[in-house]
Amino acid sequence: MNTQIIRTRMAPSPTGEYHVGHIATLLKNYAFAKKHDGAFILRIEDTDQFRLVPGAVEKILSVIKAYGLDWDEGPEKGGPHEPYVQSQRLSRYKDYALKLVEDGAAYYCTCSPDRLSALREQQQKDKQPPKYDRHCVSKQSEIKKQIDAGEEYVIRLLVPDDEPVSFDDMIRGEITTPSASVDDQVLLKSDGFPTYHLAVVADDHEMEITHVLRGEEWISSTPKHVLLYRAFGWEPPVYGHIPVFLNPDGKGKMSKRKGTVSAQSFLDAGYLPEALLNFFMILGWTPQDQREMLTLHEYIQEFDPKDISPKSVVFDVKKLEWINGQYIRLLPSAELERRIHPFLPDDFPNDALHKILPLVADRLVTLRDIEEHTTFFYRSITIDPQLLTKKSTATEVTNQLAETKDVLSRIDDWTVEEIERHIRDLQEERSWHKRQYFMMLRVAITGKTATPPLFETMEVLGKEKVLSRLLIQSDALSV
RNA sequence: GGCCCCAUCGUCUAACGGUUAGGACGCAGGGUUUUCAUCCCUGAAAUCGGAGUUCGAUUCUCCGUGGGGUCACCA
């Protein structure tokens, strides 16, 4: 029935690190467009020349791709609405602003930053909401002359005095704001650049964006955008404001101060991109059948922005860790080997990876955990002698080590089966306490109390290394 | 403070106005096991408060309370 082509967008600003919340929002825009065979557009909003960070655009593009997402139109791809970088679209914004002035929907303002901040200060002192006082509105013809003489100016939106401004939010229903609480937003800055508000509206319109899923923090500026659409006589997109991520302590918007927020850092920490995406999918949304593991494809099929919970959500790292573990265990071994490669320490024996990895795969929460679980395979170990004799005496342990070494040294075929047979026979023959003996051996050979299965570990470690470690521990005890 | 948004276990959520309020993570206990982990089983754990509407409110309405967002020539 609705034949409209869905077009969504994400509009990152190259002012710093790309946040996990941005990826989560991007994912929803992406999925919604894909579900309806529409287009997902990426647009760079670099209208703040002051906060521009060199190289940030490249980083943003690369992290989006690293998460396994992509865009149909935008930087590197082009499209029917080129360019997709706002700093390359400058001339149109000024024309739009001028048009609004002409239509009486906006006005020139030459108030100095000093005057504005003094005004704000005074308003705050008087417990008044900070708002532009329209000092320039009544002197437009005078100001026009000053501008012609070269004076700097901005263009402000003339917000109606008092009428309700409302829009229908996909997630929250109708939201209405009294226009009296909306400030006369600057649309065109004195450097000739548009502000965000003018730029998004103009670009979303030109790029024929039909649906805007964006962070909840934008709700309060949406009335400005609605007013702009009205002033231009354009049809606004359908908005959906997505709840923000809260800090793990549940207090306040997720922030750098309280932990990691950058999208790249989670990848660097050894989380799989598909696990992160899955986590973002189910944070504030569930499929009909309540399952919590979904592929991107399934998500695209089942996702509907209307079903997003309007409640802010705590970024629960424990849940993320669980999902990550699930995904690691789902990975075919060859694929896991490939993925874990960047996380291997320099001294890791690459040729033994295919033997070591299966022993620790079930123990990995993140890919980065590989190092802490495997060091005893390729680094020398240090042991607390107390650990060896914890459930026995030095004499008995020395004896156990010597006999074990003896038995193992006679094995020609160094396989799990052979090792296990010899050691179990010895243990039974001598009636050694099982737990004590196996734990002692584990500590002697790995230096740790928690390791992969003992016999497998010994096989991978190799006969020579095992024997020498048994010898070293035995020597250490006898002195 | 103004404006706006939100409210079910600790966390994320499910429940045509009628359920012993369900699931998942986490937590506790147990099983498998030579340790840890994986895996399996069991358990504790929630409808913010008050008025309405209704035969009946987690669900609808209002008022509180609490939390969050936002108030730039930043996005």
# chains A, B, ... in the order shown; residues from 1 in each chain; ligands from 1

call {"tool": "closest_atom_pairs", "arguments": {"of": "chain B", "to": "chain A", "cutoff": "10 Å", "atoms": "only C-alpha atoms (C1' of nucleotides)", "output": "CSV"}}
result
residue,atom,partner,partner_atom,distance
B:G1,C1',A:Lys127,CA,6.3
B:G2,C1',A:Pro129,CA,5.5
B:C3,C1',A:Ser181,CA,5.9
B:C4,C1',A:Ser220,CA,6.1
B:C5,C1',A:Ile219,CA,8.1
B:C6,C1',A:Lys311,CA,5.6
B:A7,C1',A:Lys311,CA,8.0
B:U11,C1',A:Asp316,CA,6.5
B:C12,C1',A:Leu283,CA,6.1
B:U13,C1',A:Thr286,CA,7.2
B:A14,C1',A:Gln290,CA,7.5
B:G23,C1',A:Gln290,CA,7.2
B:A24,C1',A:Glu292,CA,7.2
B:C25,C1',A:Lys319,CA,4.9
B:G26,C1',A:Lys318,CA,7.0
B:U33,C1',A:Pro453,CA,9.7
B:U34,C1',A:Phe438,CA,5.1
B:U35,C1',A:Ala450,CA,5.2
B:C36,C1',A:Ala450,CA,4.2
B:A37,C1',A:Arg363,CA,4.8
B:U38,C1',A:Asp362,CA,5.4
B:G67,C1',A:Lys251,CA,8.4
B:G68,C1',A:Gly252,CA,6.9
B:G69,C1',A:Glu217,CA,5.4
B:U70,C1',A:Ser220,CA,5.7
B:C71,C1',A:Pro130,CA,7.0
B:A72,C1',A:Val186,CA,9.2
B:C73,C1',A:Lys189,CA,4.6
B:C74,C1',A:Asp48,CA,7.1
B:A75,C1',A:Tyr196,CA,6.4

call {"tool": "atom_distance", "arguments": {"atom1": "atom CA of A:Tyr271", "atom2": "atom CA of A:Ile171"}}
result
29.4 Å

call {"tool": "closest_residue", "arguments": {"among": "A:Phe266, A:Phe377, A:Tyr18, A:Phe32", "to": "A:Asp304", "atoms": "only C-alpha atoms"}}
result
A:Phe32

call {"tool": "closest_residue", "arguments": {"among": "B:A21, B:U54, B:G66, B:A46", "to": "B:C9", "atoms": "only C-alpha atoms (C1' of nucleotides)"}}
result
B:A46

call {"tool": "atom_distance", "arguments": {"atom1": "atom CA of A:Gly150", "atom2": "atom CA of A:Ser91"}}
result
18.7 Å

call {"tool": "residues_around", "arguments": {"residues": "B:C27", "least_positions_apart": "5", "cutoff": "10 Å", "atoms": "only C-alpha atoms (C1' of nucleotides)", "output": "list in words"}}
result
G10, A44 and A45 of chain B

call {"tool": "select_by_dssp", "arguments": {"residues": "stretch 183-219 of chain A", "states": "strand (DSSP E or B)", "output": "PyMOL selection string"}}
result
chain A and resi 186-188+194+211-215

call {"tool": "select_by_dssp", "arguments": {"residues": "stretch 298-352 of chain A", "states": "alpha helix (DSSP H)", "output": "PyMOL selection string"}}
result
chain A and resi 298-302+317-330+333-340

call {"tool": "atom_distance", "arguments": {"atom1": "atom CA of A:Gly78", "atom2": "atom CA of A:Met281"}}
result
28.2 Å

call {"tool": "residues_around", "arguments": {"residues": "B:G50", "least_positions_apart": "4", "cutoff": "12 Å", "atoms": "only C-alpha atoms (C1' of nucleotides)", "output": "list in words"}}
result
C62, C63, G64 and U65 of chain B

call {"tool": "residues_around", "arguments": {"residues": "stretch 461-478 of chain A", "least_positions_apart": "4", "cutoff": "9 Å", "atoms": "only C-alpha atoms (C1' of nucleotides)", "output": "number ranges by chain"}}
result
A: 376-378, 381, 383, 385, 388-389, 394-395, 397-402, 404-406, 408-409, 411, 414, 441, 444-446, 456-457

call {"tool": "residues_around", "arguments": {"residues": "B:A15", "least_positions_apart": "3", "cutoff": "12 Å", "atoms": "only C-alpha atoms (C1' of nucleotides)", "output": "short mmCIF file (atom, residue, chain, number, x, y, z; two decimals) with C-alpha atoms (C1' of nucleotides), in the first residue's frame"}}
result
data_model
loop_
_atom_site.label_atom_id
_atom_site.label_comp_id
_atom_site.auth_asym_id
_atom_site.auth_seq_id
_atom_site.Cartn_x
_atom_site.Cartn_y
_atom_site.Cartn_z
"C1'" U B 8 8.06 -4.51 35.45
"C1'" G B 18 -8.26 -11.55 33.54
"C1'" U B 19 -1.02 -15.33 33.88
"C1'" A B 21 3.86 -11.70 36.38
"C1'" G B 22 7.51 -15.31 31.76
"C1'" G B 23 12.61 -15.17 29.54
"C1'" U B 47 5.00 -4.26 38.37
"C1'" U B 58 1.55 -4.27 35.14
"C1'" U B 59 -1.68 -2.66 31.19
#

call {"tool": "residues_around", "arguments": {"residues": "stretch 205-212 of chain A", "least_positions_apart": "3", "cutoff": "7 Å", "atoms": "only C-alpha atoms (C1' of nucleotides)", "output": "list in words"}}
result
Ile6, Arg7, Thr8, Arg9, His81, Val201, Ala202, Pro237, Val238, Tyr239 and Gly240 of chain A
